[in-house]
Structure formats: structure tokens, C-alpha cells
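Asks: Questions regarding the structure given below will be posed in turn.
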Amino acid sequence: MNIKTTFVDMASFLVMLLAWQQMPSMAQEVPAHAITNVTIQMADGATLENADIVWRNGVIEQIGVNESIPFDAFIIDGGDSLHVYPGLIDGMATWGSPETPRDLPRLENPGKPPYDRAGAQPQRVPGHYLNEDKAFEAAMKAGFTLVALGLDGQMLPGHIQPFNLSAPKLTQAHIFANPLALQGSFETAPGGWGSGAYPSTQMGVMAYFRQLMYDATALQEHMMYFEKHSEMTQPEQNDVLEALFPLINKEYPLYFEVDSKEEIERLFRLQDEFGFDVVLVSAKEASALSNELKARNIAVLASLDVTEMPDWLEKENKEAKKDDGERSESSEEGDSEDAESEELTEEELMFRSKQKEAWEKEINNLSALLEAGIPTGFTSAGLSPKELIQKVNLVTENSTLTKDDIVGLMTVHNANILGISNRVGTIKEGNSAHLILTDGPLFEKGTNIHIQVSQGVINDFMED
Amino acid sequence: MKNTLTTLLIIAVFSVGTIAQEKGSVLIQNATLMTITDGIIENGDVLIVDGIISAIGADLSGPSGVSVVDGTGKYVMPGIIDAHSHLNTVSTNEARNPVTAEVTMEESINPNSVSIYRALAGGVTSIHLMHGSANVIGGQGETLKLRYGVTQDEMRFADAKRTIKFALGENPTRVHGQGNGIQPRTRMGVEQIIRSHFDEALDYRIKREAYFASKEAYEVDRRGRTAPPIPVAKNLRYDVLNDIIDGEILVHCHSYRADEILMLMRVFNDYGIKNYTFQHANEAFKVAPEIAKNGAYTSVFADWWAYKFEVYYSTAYNATILNENGVTNSINSDSNELIRHLNHEAAKTVRYGETSESDALKMITINPAKQLGIDEMVGSLEIGKQGDVAIWSGHPLSIYSKVEHTYVDGKKYFDLYMDPVDMRIAVDSEDSYAEAVFNTFIQGREEDSCMSDVFELIEQ
């Protein structure tokens with residue numbers, strides 16, 4: 001006990017020291033915060049009842065039952081009924097990104113567009129493009145405390161960088177860590193029919209991507225030579241190609257937004273050629289390639305944006321339920337529907353059977369990935385928090401995925417995939433204080449998120 | 001109950017179709033064999049074992065358990081090969097540059113298109129999936145086997161020669177000249193695009209090789225007296241153009257007019273390019289001896305013309321004249337509808353030009369195989385060739401004949417007597433029935449597939 005306390009004290013001291021060093025202007029130690037008397041959802045799935053959690057300077061200092069709360073702590077009393085979860089993480093979103101420009105001017109030679117008009121802007125970093133976006137606050141209210149931001153764009157929109165969701169208006173001050181990946185997709189050059197450019201097809205995007213990689217390889221080599229031989233011709237300055245160096249050197253993964261099985265297979269070709277690591281984003285048909293993903297050690301940031309159950313299937317299910325229940329209550333409406341279903345052609349019956357199969361595959365994508373042992377996380381991929389709750393219900397009601405699984409995707413899984421699990425994703429001492437305080441299990445009807453804590457910064461949503 | 005039966009039927013059909021690249025064995029007995037390269041054999045048997053034709057003759061017996069088909073009264077011929085198709089492309093034209101040799105249809109294959117099954121129903125077993133005709137030098141082609149139900153990679157015809165699409169005349173001048181105000185605006189411009197790009201590619205090759213040489217010298221010089229080279233980046237487009245010059249890629253050139261056909265032969269002679277095929281080539285009959293002299297091939301329509309200015313001077317005797325002049329000619333579809341009855345298209349050469357039945361059948365089998373560099377593997381009934389065959393109810397050139405079974409690698413992919421009403425592999429989980437029907441069966445019927453993706457460009 002003594003040893004442990006000493007260790008914790010030392011750790012706290014180090015953390016404090018670190019914090020103090022980082023903030024030289026502060027004369028005094030930053031006060032601690034504590035949430036007391038709550039149920040804490042621990043990393044291993046266990047819960048800690050009547051527990052307290054203390055953090056200072058954004059870092060968790062203490063977790064436990066009957067902890068001695070530091071004298072300077074600002075205390076929130078959980079009143080015995082509230083739960084603390086690790087803050088939710090969005091594995092990739094493009095909130096705050098400038099919209100992709102419309103009404104682009106016509107190019108004189110669409111076959112040789114400037115990089116941005118071809119859709120290649122890998123040099124962009126989200127921190128430079130943080131526009132106001134209502135999505136930030138909406139996500140905070142939904143329990144998200146961290147987001148890996150990307151940018152709206154095409155083939156190579158820019159870098160992926162994690163941000164603390166600690167204020168509704170993000171600035172560079174909210175950067176959580178350095179950029180950790182490049183973002184990619186098979187999206188063709190912008191501009192539409194009138195002002196479009198090469199590449200205008202997926203096969204064109206693949207060829208253009210390859211050429212960029214070859215050009216970047218040559219430029220990097222030139223720069224290396226020039227470092228040793230200043231007498232030689234100076235290499236050109238090219239921020240687009242230079243941004244690809246981490247990719248050709250395999251220092252960065254490529255976060256690639258892709259859904260269909262065939263497109264994922266095409267991405268494999270590029271990966272085979274250049275050898276970089278890949279994380280799939282959205283990936284609605286990824287489970288069809290589970291074995292291959294496993295062999296390639298590819299993680300998935302999956303979208304929950306699944307299609308609603310086809311109307312006819314919903315109707316059929318309702319009828320089946322009704323039949324199981326009170327058979328006597330066959331309404332007139334029910335009779336007419338029975339008559340309708342008997343009129344279906346063989347062709348339509350086959351269509352329905354295939355559609356049901358397709359929809360079930362889609363809805364089971366996430367659970368199939370998890371069952372196959374693929375590292376799977378979550379990306380909002382354009383879903384608003386309100387839609388998210390609907391989709392969580394749709395998926396959990398129609399697949400083996402549970403709401404706890406989904407919390408896992410949004411916390412520890414996402415932290416692992418993003419490579420930031422040493423700081424977030426779980427509640428433990430030494431981790432960043434990314435927490436949410438709820439009055440019930442997450443995603444259950446009636447559960448409110450009272451407080452959201454991102455890197456120690458408290459946002460109280462029950463105040464108003 | 002009916003629902004269950006239907007589902008079972010689907011499972012039955014698809015469990016056959018979804019096993020990847022499985023090779024099959026079959027013994028077809030007592031049929032009329034249209035061997036293509038060795039005449040007609042009456043009351044003959046064909047034995048395919050593990051995807052390869054292992055015996056042709058009479059009273060053959062197969063390994064135990066091999067499925068036996070009674071061919072009495074039926075005709076067996078090699079699967080039809082369509083040397084010009086856009087059957088199941090994801091996109092067809094990368095139409096934003098006059099030269100896009102770096103793109104490849106290998107990366108534009110939709111393996112789930114129901115059009116594959118429909119082509120099988122017409123006795124087709126292989127297609128040449130081509131880039132469109134918007135560009136002077138378009139993308140590379142991909143020869144496919146119509147193994148319906150497999151992945152995009154498994155559809156590829158192993159060991160087929162690499163190919164590329166070129167296009168002359170109105171399409172590239174319209175898209176790039178008129179559409180974007182860049183070269184080529186005229187047929188002269190088309191020629192110069194080809195020449196200048198070949199020259200640039202050759203120039204690149206010299207520079208790239210010089211860079212490699214200097215790099216090597218720099219790396220072995222331990223005393224550091226050698227200056228490092230300025231790196232020359234690998235250029236995908238020029239690499240492909242050099243592969244054409246080196247004869248590793250077969251050119252298939254969309255062309256109509258006699259003058260542009262002569263032009264391309266001059267250009268290719270200048271660069272030493274051989275073994276190329278003129279696609280469409282409606283005026284090829286005017287220069288048939290010249291084409292024969294250059295060893296070039298043609299792949300034409302039976303009687304399809306007048307859909308634009310450069311296609312008015314045409315004749316239904318084109319194929320016959322080319323054939324009589326010793327040009328290896330094929331009849332192609334360039335259409336997802338025509339591909340289902342290429343036998344009729346071949347028959348037209350008999351009807352119009354009195355081409356022999358045997359030569360007419362060559363035009364949809366061994367001749368396109370030669371043009372695609374796959375004639376050692378398919379295109380005729382020969383021992384050792386791949387088991388891509390179709391069984392016809394009657395003579396394949398008869399309007400009354402139907403395909404009853406189509407085999408690829410000895411495996412049955414089409415059976416007239418087990419042909420469910422809906423052979424789509426997948427449907428969208430979001431579409432209503434009406435939308436799905438429209439998307440699959442109605443939309444796109446009228447498209448000129450060679451120019452798909454570019455209509456909007458032209459209309460500007």
C-alpha cells in the first residue's frame with residue numbers, strides 16, 4: 001500500500017512537474033478536478049462502484065474507492081447514481097473542413113491540371129482549416145471528447161490529426177497530437193463535367209496516384225543527393241510531393257475511405273505496390289474480405305451509416321410478429337397486404353430474397369469484422385449525433401453487435417487504431433482526462449450526458 | 001412455400017457459380033463438332049478434363065463420375081470471343097487527356113454485372129474489355145473469361161497478351177479538339193499526338209536509363225568523386241508507350257476511314273510496331289491489300305454504320321472483302337445487346353458476301369483469339385486447349401439455333417434449362433423493386449458504349 005501510494009505520488013509529482021514545465025507562465029500549480037461517488041467503466045469491462053476520479057492538468061492522477069481527494073480539487077459529486085465512461089473518439093470526421101469548392105473555373109488543359117484540381121492536396125493539415133462547425137458542439141454533447149480530423153477533398157485531401165473536443169470552436173490550441181496519417185480515397189478530380197480534369201475515373205485516380213508516388217520518390221532522392229552535393233542542381237520545392245514522403249517511407253498509414261469490396265481489392269493493389277500501411281475508413285463491405293484484411297493487418301474505421309431495413313421486409317417482420325401474437329386480430333389492412341404478397345411475381349420474390357441477403361450483409365458488417373478479429377473502430381463518416389443514435393439502434397437490434405461493443409469501438413478500439421491508446425480510450429491513471437459523466441448506460445433511451453471532459457476541460461451540458 | 005423454393009433455386013444456381021475459378025470436367029457425346037481449325041466432325045465426342053480439352057473423337061469415355069451430356073442433334077463449337085467489348089466496365093473513358101496509356105481496364109472490371117450472364121447465354125466465353133474511344137491513345141485493355149460469379153481478378157484471362165486502345169478520327173477530335181480546344185482538332189493532329197508521344201517516350205527511356213547508369217556509377221564510387229544524378233522519375237504513361245514500341249502490348253485501334261488506317265500503318269512502320277488490329281474499320285475494305293501487306297488485323301461490325309459522319313461510307317461486304325484479301329478479320333459487338341448473338345453477325349458475312357461458313361465462324365472464334373494473343377489457348381476445339389465451349393441446339397449460324405450450355409474451363413456457367421428469371425449476383429439494399437428493375441434492365445440500353453462517360457463532354 002505504501003509502495004503503491006509512493007509510486008502514485010511520484011507519478012503525480014512527475015506529471016505535475018511536466019505540466020509545470022509545459023506552462024512556464026503559471027506561478028502556481030493548476031488545481032485538480034475530481035468526480036466523486038460514481039460508477040467508473042474500467043478498461044477491462046469491469047465497473048468500479050462508489051469510486052472517485054481525480055485529474056490535474058488534463059491527466060488522470062487517481063482512480064479508486066475512498067481516495068483522498070487533493071485539498072485544492074474542484075469536486076463534482078456524482079451522487080452515487082452517475083456513470084463515468086471514457087470519452088468517445090470519432091476515428092475520422094471532416095468537421096470544420098472548408099467545403100470542396102464549387103463553380104471551379106474551366107481549365108485550359110484538363111489533362112494537366114494543377115495538383116489541387118486533380119484532387120491531390122496531401123500537404124494540407126486540418127489545423128489550418130478549422131472553420132466553425134456546429135458538428136463540434138453536437139459531438140461533444142453526444143459524448144465525444146476527441147476526434148481525428150481529416151478534410152473534405154478527393155484523392156488525397158490531406159493529413160489526419162487528432163483534436164480535443166474541448167470547445168465548440170476548435171483552434172490550434174486544441175491539437176491533441178501531431179498528424180498521424182494521410183487521408184485518401186478514389187474520388188475523382190473536382191469540377192464536374194464542365195470544369196473537371198484528369199483523373200476523371202477510378203482507374204485514372206489509381207494511375208495518377210502511382211505517378212505522384214514515383215515523382216515523390218524521385219524528388220526525395222534528389223533532395224538526399226543535394227544535401228551531400230550542394231554543387232548539383234537544386235531540387236524543386238514541391239509541398240505536395242514532399243507531403244508524400246512519409247507514405248513512400250512507410251512512416252504514415254493511409255486512411256482510405258472506401259466501401260465496396262471491389263474498390264477495397266483495388267486499394268490492395270496499390271498497397272502491394274508501395275507497401276504502406278492502410279486503415280480502411282467507412283468500409284461498408286469490408287467483412288467480405290475479412291481474411292485478406294487480417295493477413296494484411298489492416299484495421300477498419302467502420303461507418304454505422306447502414307441502410308434502413310427495406311420497407312417490405314419491415315412490413316413482413318411486423319406481420320410475422322402479429323401472427324405470432326394475437327392471430328384473431330387480423331385487420332382489414334392485414335388482409336389486403338396478404339393479398340398483395342400473393343400477387344408478387346417470381347422475379348420480385350427473387351429480388352426480395354437477394355435484397356434481404358444484401359441488407360443483412362450490410363447490417364452485419366461490423367459484427368463480422370469483430371468476429372474475424374479485425375481491429376475495428378468507428379468513424380462518424382458524415383452521420384450527425386442524432387442519426388448516430390438511430391443507426392446504433394438499427395444495428396444492435398438486427399445484428400449480434402451490442403451497445404457495449406459500440407462503446408468499445410468508439411473508445412479503446414479507436415484509440416488503438418489511431419495509435420494514441422497510451423493516452424486515451426480507457427480510464428486509467430496517467431491517461432489524459434477524456435471522460436463523460438452519464439446518468440445511465442450509453443446509447444440507452446433516457447440516458448443523458450451530464451458532463452463531458454476533454455483533456456481535463458469540463459463542459460457541463462446539464463447547466464441549462 | 002413458393003418463396004422457399006425460389007430461394008433454394010437461387011442457392012442451387014449460385015453455389016455452382018461462386019466457387020472461384022473452379023475448373024470442370026465434362027464429356028459431350030455424339031454431337032456435330034465445329035472444330036474451327038480442323039473442319040467439322042459428325043457424331044463426335046469432346047472430353048474436357050479439369051478445364052482442358054483432353055480428347056476429341058468417337059466413343060470416348062471419361063474418368064469415372066464425369067458428367068456426360070448427350071449431344072445428339074446438337075452442335076459444339078468453341079466459345080465465342082468478342083474482341084471489342086465494354087460489357088462490364090466500371091468506367092470506360094478516362095476522357096480528360098488525349099493520351100492515357102497509364103490507365104488500365106484491369107482496374108475497371110465490374111464482376112457483378114448481369115450482362116456477363118447474358119453474354120454467356122449467347123455462347124460467348126471471352127471478351128476483350130476495352131477502354132473507350134475518346135482518346136487518341138486510350139487505356140490498356142483486359143481480356144476476360146466470363147466466369148460469372150467470381151472476383152474481378154479471377155475474371156482475368158491468365159497469360160493473355162497485354163493490349164491497348166487507340167482511337168482515330170472524330171471521337172478524339174470532338175472530345176479534345178472541339179471539347180477542350182486542345183490538340184487534336186484534326187486527323188493531322190491525331191497523327192502528331194501519336195508521334196510526339198512515342199518520341200517523348202523514347203526520349204524518356206534514354207534519360208531514365210542514363211539516370212540508372214549514373215546512379216550506379218555514383219553508388220559504386222567509394223571515393224566520392226562521381227557526382228550524383230538528378231533522378232528521373234518512373235513515368236507510367238511513357239513506360240506503357242515503350243512497351244508498345246517493344247511489342248509487348250498489342251494495339252487495338254478504333255478507326256473508320258481508309259486514309260486514317262493508312263496513316264496509322266505508316267506511323268507504326270516508322271516505330272517498328274507490329275501485330276495490331278483496326279477496330280470497326282468500316283472503310284478497311286478500300287485498303288484491304290495494304291492491311292494484309294502490313295500483317296495488320298481487322299475487327300469489324302457485320303452491318304452497323306451511319307451513326308456519325310465518318311461511318312457513312314460502309315458496306316456489309318467489308319468482312320468478306322477483308323477475308324478474301326487474306327486479312328485476319330473478326331466480327332465484334334461493341335454492344336451489350338449484340339454480344340448475345342454474335343453468331344448472327346458472323347452469319348451475315350455468309351448471307352451478304354458468301355463467305356464460307358467455316359471462315360464466318362473463325363471470325364468469332366480463332367481470329368479474335370489471334371488478335372488478342374490467346375489463340376494458343378482458346379478459339380478452336382483442339383486437344384490441349386482450354387475447355388471453353390458452347391453447345392448449340394442447331395447450326396450456330398442458323399437464326400433458329402440457341403445456345404443450350406456454355407462452359408468456361410469445362411465448368412458450366414449457362415444452362416438454358418436451368419435459367420432463373422433473375423440472375424443478378426447482388427441487388428442494392430436501398431433500391432425499391434422498381435428502381436432495381438430500371439437500373440438493371442432498362443437504364444443504359446441505348447448507350448453507345450464506346451463513348452460512354454463522355455457524352456456530356458461532347459455536348460459542351
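Following the order of the C-alpha cells, first chain is A, next is B, and so on, with residues numbered from 1 inside each chain and ligands from 1 in the order they appear.
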Which residues are close to Ile264 in chain A, i.e. within 8 Å by only C-alpha atoms, leaving aside same-chain residues fewer than 5 positions away? Reply as a ChimeraX atom specification.
Replies: /A:258-259,286
Asks: Counting only C-alpha atoms, collect the residues of chain A whose closest atom lies at most 6 Å from chain B, and write them out as a list in words.
Replies: Pro110, Gly111, Ala197, Tyr198, Ser200, Thr201, Met203, Gly204, Ala207, Tyr214, Asp215, Ala218, His222, Glu347, Gln355, Ala358 and Trp359 of chain A
Asks: Could you tell me which of A:Asn238, A:Thr100, A:Gln154, A:Thr376 comes closest to Gln202 in chain A if we count only C-alpha atoms?
Replies: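 So, comparing all the options, the nearest one is A:Gln154.
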Asks: Hey, what does DSSP flag as helix (DSSP H, G or I) within range 170-388 of chain B? Can you give it to me as an mmCIF file with C-alpha atoms, in the first residue's frame?
Replies:
```cif
data_model
loop_
_atom_site.group_PDB
_atom_site.id
_atom_site.type_symbol
_atom_site.label_atom_id
_atom_site.label_comp_id
_atom_site.auth_asym_id
_atom_site.auth_seq_id
_atom_site.Cartn_x
_atom_site.Cartn_y
_atom_site.Cartn_z
ATOM 1 C CA GLU B 170 -13.978 12.076 -84.988
ATOM 2 C CA ASN B 171 -14.146 10.866 -81.380
ATOM 3 C CA PRO B 172 -10.797 12.175 -80.137
ATOM 4 C CA THR B 173 -11.011 15.358 -82.221
ATOM 5 C CA ARG B 174 -14.513 16.010 -80.912
ATOM 6 C CA VAL B 175 -13.693 15.354 -77.250
ATOM 7 C CA HIS B 176 -10.344 17.116 -77.059
ATOM 8 C CA GLY B 177 -10.237 19.436 -80.069
ATOM 9 C CA GLN B 178 -13.769 20.744 -80.005
ATOM 10 C CA GLY B 179 -14.451 19.984 -76.344
ATOM 11 C CA ASN B 180 -11.328 21.444 -74.787
ATOM 12 C CA ARG B 187 -6.816 13.962 -88.224
ATOM 13 C CA MET B 188 -3.398 15.547 -88.773
ATOM 14 C CA GLY B 189 -3.382 16.404 -85.100
ATOM 15 C CA VAL B 190 -4.262 12.847 -84.190
ATOM 16 C CA GLU B 191 -1.220 11.597 -86.056
ATOM 17 C CA GLN B 192 1.013 14.138 -84.351
ATOM 18 C CA ILE B 193 -0.296 13.193 -80.915
ATOM 19 C CA ILE B 194 0.785 9.622 -81.536
ATOM 20 C CA ARG B 195 4.170 10.550 -82.977
ATOM 21 C CA SER B 196 5.012 13.145 -80.366
ATOM 22 C CA HIS B 197 4.104 10.828 -77.504
ATOM 23 C CA PHE B 198 6.140 7.961 -78.902
ATOM 24 C CA ASP B 199 9.064 10.370 -79.309
ATOM 25 C CA GLU B 200 8.671 11.665 -75.782
ATOM 26 C CA ALA B 201 8.526 8.089 -74.513
ATOM 27 C CA LEU B 202 11.714 7.158 -76.346
ATOM 28 C CA ASP B 203 13.397 10.295 -75.052
ATOM 29 C CA TYR B 204 12.280 9.446 -71.524
ATOM 30 C CA ARG B 205 13.691 5.958 -71.873
ATOM 31 C CA ILE B 206 17.108 7.333 -72.800
ATOM 32 C CA LYS B 207 17.059 9.743 -69.865
ATOM 33 C CA ARG B 208 15.817 7.159 -67.430
ATOM 34 C CA GLU B 209 18.461 4.641 -68.478
ATOM 35 C CA ALA B 210 21.158 7.321 -68.252
ATOM 36 C CA TYR B 211 19.960 8.131 -64.740
ATOM 37 C CA PHE B 212 20.181 4.487 -63.700
ATOM 38 C CA ALA B 213 23.692 4.258 -65.151
ATOM 39 C CA SER B 214 24.878 7.406 -63.363
ATOM 40 C CA LYS B 215 23.258 6.293 -60.163
ATOM 41 C CA GLU B 216 25.093 3.019 -60.301
ATOM 42 C CA ALA B 217 28.376 4.767 -61.002
ATOM 43 C CA TYR B 218 27.729 7.127 -58.091
ATOM 44 C CA GLU B 219 26.919 4.295 -55.735
ATOM 45 C CA VAL B 220 29.973 2.197 -56.570
ATOM 46 C CA LEU B 236 3.862 5.142 -66.037
ATOM 47 C CA ARG B 237 2.498 6.592 -69.294
ATOM 48 C CA TYR B 238 5.826 6.512 -71.109
ATOM 49 C CA ASP B 239 6.618 3.051 -69.777
ATOM 50 C CA VAL B 240 3.449 1.740 -71.415
ATOM 51 C CA LEU B 241 4.209 3.545 -74.687
ATOM 52 C CA ASN B 242 7.670 1.985 -74.707
ATOM 53 C CA ASP B 243 6.115 -1.427 -74.097
ATOM 54 C CA ILE B 244 4.012 -0.839 -77.227
ATOM 55 C CA ILE B 245 7.132 0.005 -79.227
ATOM 56 C CA ALA B 258 -9.244 4.338 -95.173
ATOM 57 C CA ASP B 259 -6.926 7.357 -95.003
ATOM 58 C CA GLU B 260 -6.517 7.157 -91.248
ATOM 59 C CA ILE B 261 -5.952 3.419 -91.439
ATOM 60 C CA LEU B 262 -3.114 4.031 -93.910
ATOM 61 C CA MET B 263 -1.808 6.808 -91.684
ATOM 62 C CA LEU B 264 -1.533 4.583 -88.631
ATOM 63 C CA MET B 265 0.229 1.860 -90.607
ATOM 64 C CA ARG B 266 2.791 4.437 -91.757
ATOM 65 C CA VAL B 267 3.301 5.630 -88.195
ATOM 66 C CA PHE B 268 3.616 2.107 -86.848
ATOM 67 C CA ASN B 269 6.081 1.172 -89.579
ATOM 68 C CA ASP B 270 8.173 4.180 -88.551
ATOM 69 C CA TYR B 271 8.280 2.907 -84.959
ATOM 70 C CA ALA B 284 -10.944 -1.105 -94.376
ATOM 71 C CA PHE B 285 -12.286 -2.833 -97.491
ATOM 72 C CA LYS B 286 -10.841 0.063 -99.539
ATOM 73 C CA VAL B 287 -7.337 -0.697 -98.327
ATOM 74 C CA ALA B 288 -7.583 -4.439 -97.690
ATOM 75 C CA PRO B 289 -4.436 -5.357 -99.666
ATOM 76 C CA GLU B 290 -2.414 -2.734 -97.817
ATOM 77 C CA ILE B 291 -3.669 -4.030 -94.474
ATOM 78 C CA ALA B 292 -2.786 -7.579 -95.482
ATOM 79 C CA LYS B 293 0.657 -6.480 -96.652
ATOM 80 C CA PHE B 309 -20.317 11.283 -90.424
ATOM 81 C CA GLU B 310 -17.164 9.205 -90.674
ATOM 82 C CA VAL B 311 -19.200 5.984 -90.691
ATOM 83 C CA ASN B 318 -16.457 -5.316 -95.523
ATOM 84 C CA ALA B 319 -15.689 -8.516 -93.603
ATOM 85 C CA THR B 320 -15.847 -10.662 -96.733
ATOM 86 C CA ILE B 321 -13.561 -8.392 -98.746
ATOM 87 C CA LEU B 322 -11.020 -8.285 -95.928
ATOM 88 C CA ASN B 323 -11.192 -12.047 -95.542
ATOM 89 C CA GLU B 324 -10.771 -12.610 -99.286
ATOM 90 C CA LEU B 338 -25.165 -7.514 -79.999
ATOM 91 C CA ILE B 339 -22.801 -9.647 -77.928
ATOM 92 C CA ARG B 340 -25.695 -12.023 -77.234
ATOM 93 C CA HIS B 341 -25.991 -13.048 -80.877
ATOM 94 C CA LEU B 342 -22.588 -12.667 -82.465
ATOM 95 C CA ASN B 343 -23.375 -15.874 -84.346
ATOM 96 C CA HIS B 344 -25.964 -13.892 -86.337
ATOM 97 C CA GLU B 345 -23.398 -11.210 -87.017
ATOM 98 C CA ALA B 346 -20.989 -13.815 -88.369
ATOM 99 C CA ALA B 347 -23.778 -15.381 -90.410
ATOM 100 C CA LYS B 348 -24.319 -12.059 -92.186
ATOM 101 C CA THR B 349 -20.948 -12.444 -93.892
ATOM 102 C CA VAL B 350 -22.253 -15.667 -95.406
ATOM 103 C CA ARG B 351 -25.535 -14.064 -96.386
ATOM 104 C CA TYR B 352 -24.028 -10.919 -97.941
ATOM 105 C CA GLY B 353 -20.554 -11.804 -99.132
ATOM 106 C CA GLU B 357 -19.418 -20.910 -93.102
ATOM 107 C CA SER B 358 -16.110 -22.080 -91.759
ATOM 108 C CA ASP B 359 -14.491 -18.655 -92.266
ATOM 109 C CA ALA B 360 -17.536 -16.940 -90.812
ATOM 110 C CA LEU B 361 -17.176 -18.983 -87.620
ATOM 111 C CA LYS B 362 -13.464 -18.215 -87.492
ATOM 112 C CA ILE B 366 -9.943 -18.229 -83.628
ATOM 113 C CA ASN B 367 -9.494 -14.886 -85.406
ATOM 114 C CA PRO B 368 -10.336 -12.705 -82.404
ATOM 115 C CA ALA B 369 -8.202 -15.102 -80.346
ATOM 116 C CA LYS B 370 -5.252 -14.302 -82.611
ATOM 117 C CA GLN B 371 -5.911 -10.600 -82.288
ATOM 118 C CA LEU B 372 -5.818 -10.898 -78.503
#
```
Asks: Using DSSP secondary structure from the backbone, list all strand (DSSP E or B) positions within range 104-345 of chain A, as a VMD selection string.
Replies: chain A and resid 120 144 to 149 156 158 to 164 175 181 to 185 254 to 258 278 to 282 299 to 303
Asks: Tell me which protein, DNA and RNA residues are within 6 Å of range 329-334 of chain B, counting only C-alpha atoms, leaving out same-chain ones fewer than 5 positions away, and put them as JSON, numbers by chain.
Replies: {"B": [82, 83, 84, 85, 297, 298, 299, 300, 301, 339, 363, 364, 367, 368]}
Asks: I'd like the contact shell of Pro246 in chain A - 12 Å cut-off, only C-alpha atoms, skipping same-chain residues fewer than 2 positions apart - returned as a ChimeraX atom specification.
Replies: /A:122-123,159,179-182,213,216-217,220,240-244,248-254,274-277
Asks: Work out how far CA of Gly295 in chain B is from CA of Tyr313 in chain B, in Å to one decimal.
Replies: 23.8 Å
Asks: Point out the residue among B:Glu248, B:Asp45, B:Asp303, B:Asp70 with the least atom-to-atom distance to Gln140 in chain B, counting only C-alpha atoms.
Replies: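 Between B:Glu248, B:Asp45, B:Asp303, B:Asp70, the residue approaching Gln140 in chain B most closely is B:Glu248.
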Asks: Which neighbours of Glu314 in chain A fall inside 12 Å, counting only C-alpha atoms, when residues of the same chain fewer than 3 positions from it are skipped, and could you give them as a PyMOL selection string?
Replies: chain A and resi 308-311+317-321+352+356+359+394+398
Asks: Keeping only C-alpha atoms, write the selected residues to a file as a PDB file, in the first residue's frame.
Replies:
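See part.pdb below for the written result:
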```pdb
ATOM      1  CA  GLU A 308     -32.645   1.295 -43.162  1.00  0.00           C
ATOM      2  CA  MET A 309     -34.417  -2.025 -43.337  1.00  0.00           C
ATOM      3  CA  PRO A 310     -36.222  -2.321 -46.697  1.00  0.00           C
ATOM      4  CA  ASP A 311     -39.895  -1.335 -46.279  1.00  0.00           C
ATOM      5  CA  ASN A 317     -41.450  -8.761 -39.952  1.00  0.00           C
ATOM      6  CA  LYS A 318     -44.334  -6.845 -38.410  1.00  0.00           C
ATOM      7  CA  GLU A 319     -46.808  -9.260 -39.946  1.00  0.00           C
ATOM      8  CA  ALA A 320     -44.829 -12.181 -38.614  1.00  0.00           C
ATOM      9  CA  LYS A 321     -44.862 -10.659 -35.142  1.00  0.00           C
ATOM     10  CA  ARG A 352     -36.576  -9.667 -52.225  1.00  0.00           C
ATOM     11  CA  LYS A 356     -32.626  -9.316 -47.803  1.00  0.00           C
ATOM     12  CA  TRP A 359     -29.120  -5.849 -46.357  1.00  0.00           C
ATOM     13  CA  LEU A 394     -30.786  -0.282 -36.047  1.00  0.00           C
ATOM     14  CA  ASN A 398     -30.512  -6.513 -36.183  1.00  0.00           C
TER      15      ASN A 398
END
```
Asks: For Asp305 in chain A, work out the shell of residues within 8 Å, counting only C-alpha atoms and skipping chain neighbours fewer than 2 positions away, then give it as an MDAnalysis selection string.
Replies: chainID A and resid 303 307 380:381 383 388 391
Asks: Find the distance between CA of Gly272 in chain B and CA of Thr143 in chain B and write it in Å to one decimal.
Replies: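 Here the two named atoms are 24.3 Å from each other.
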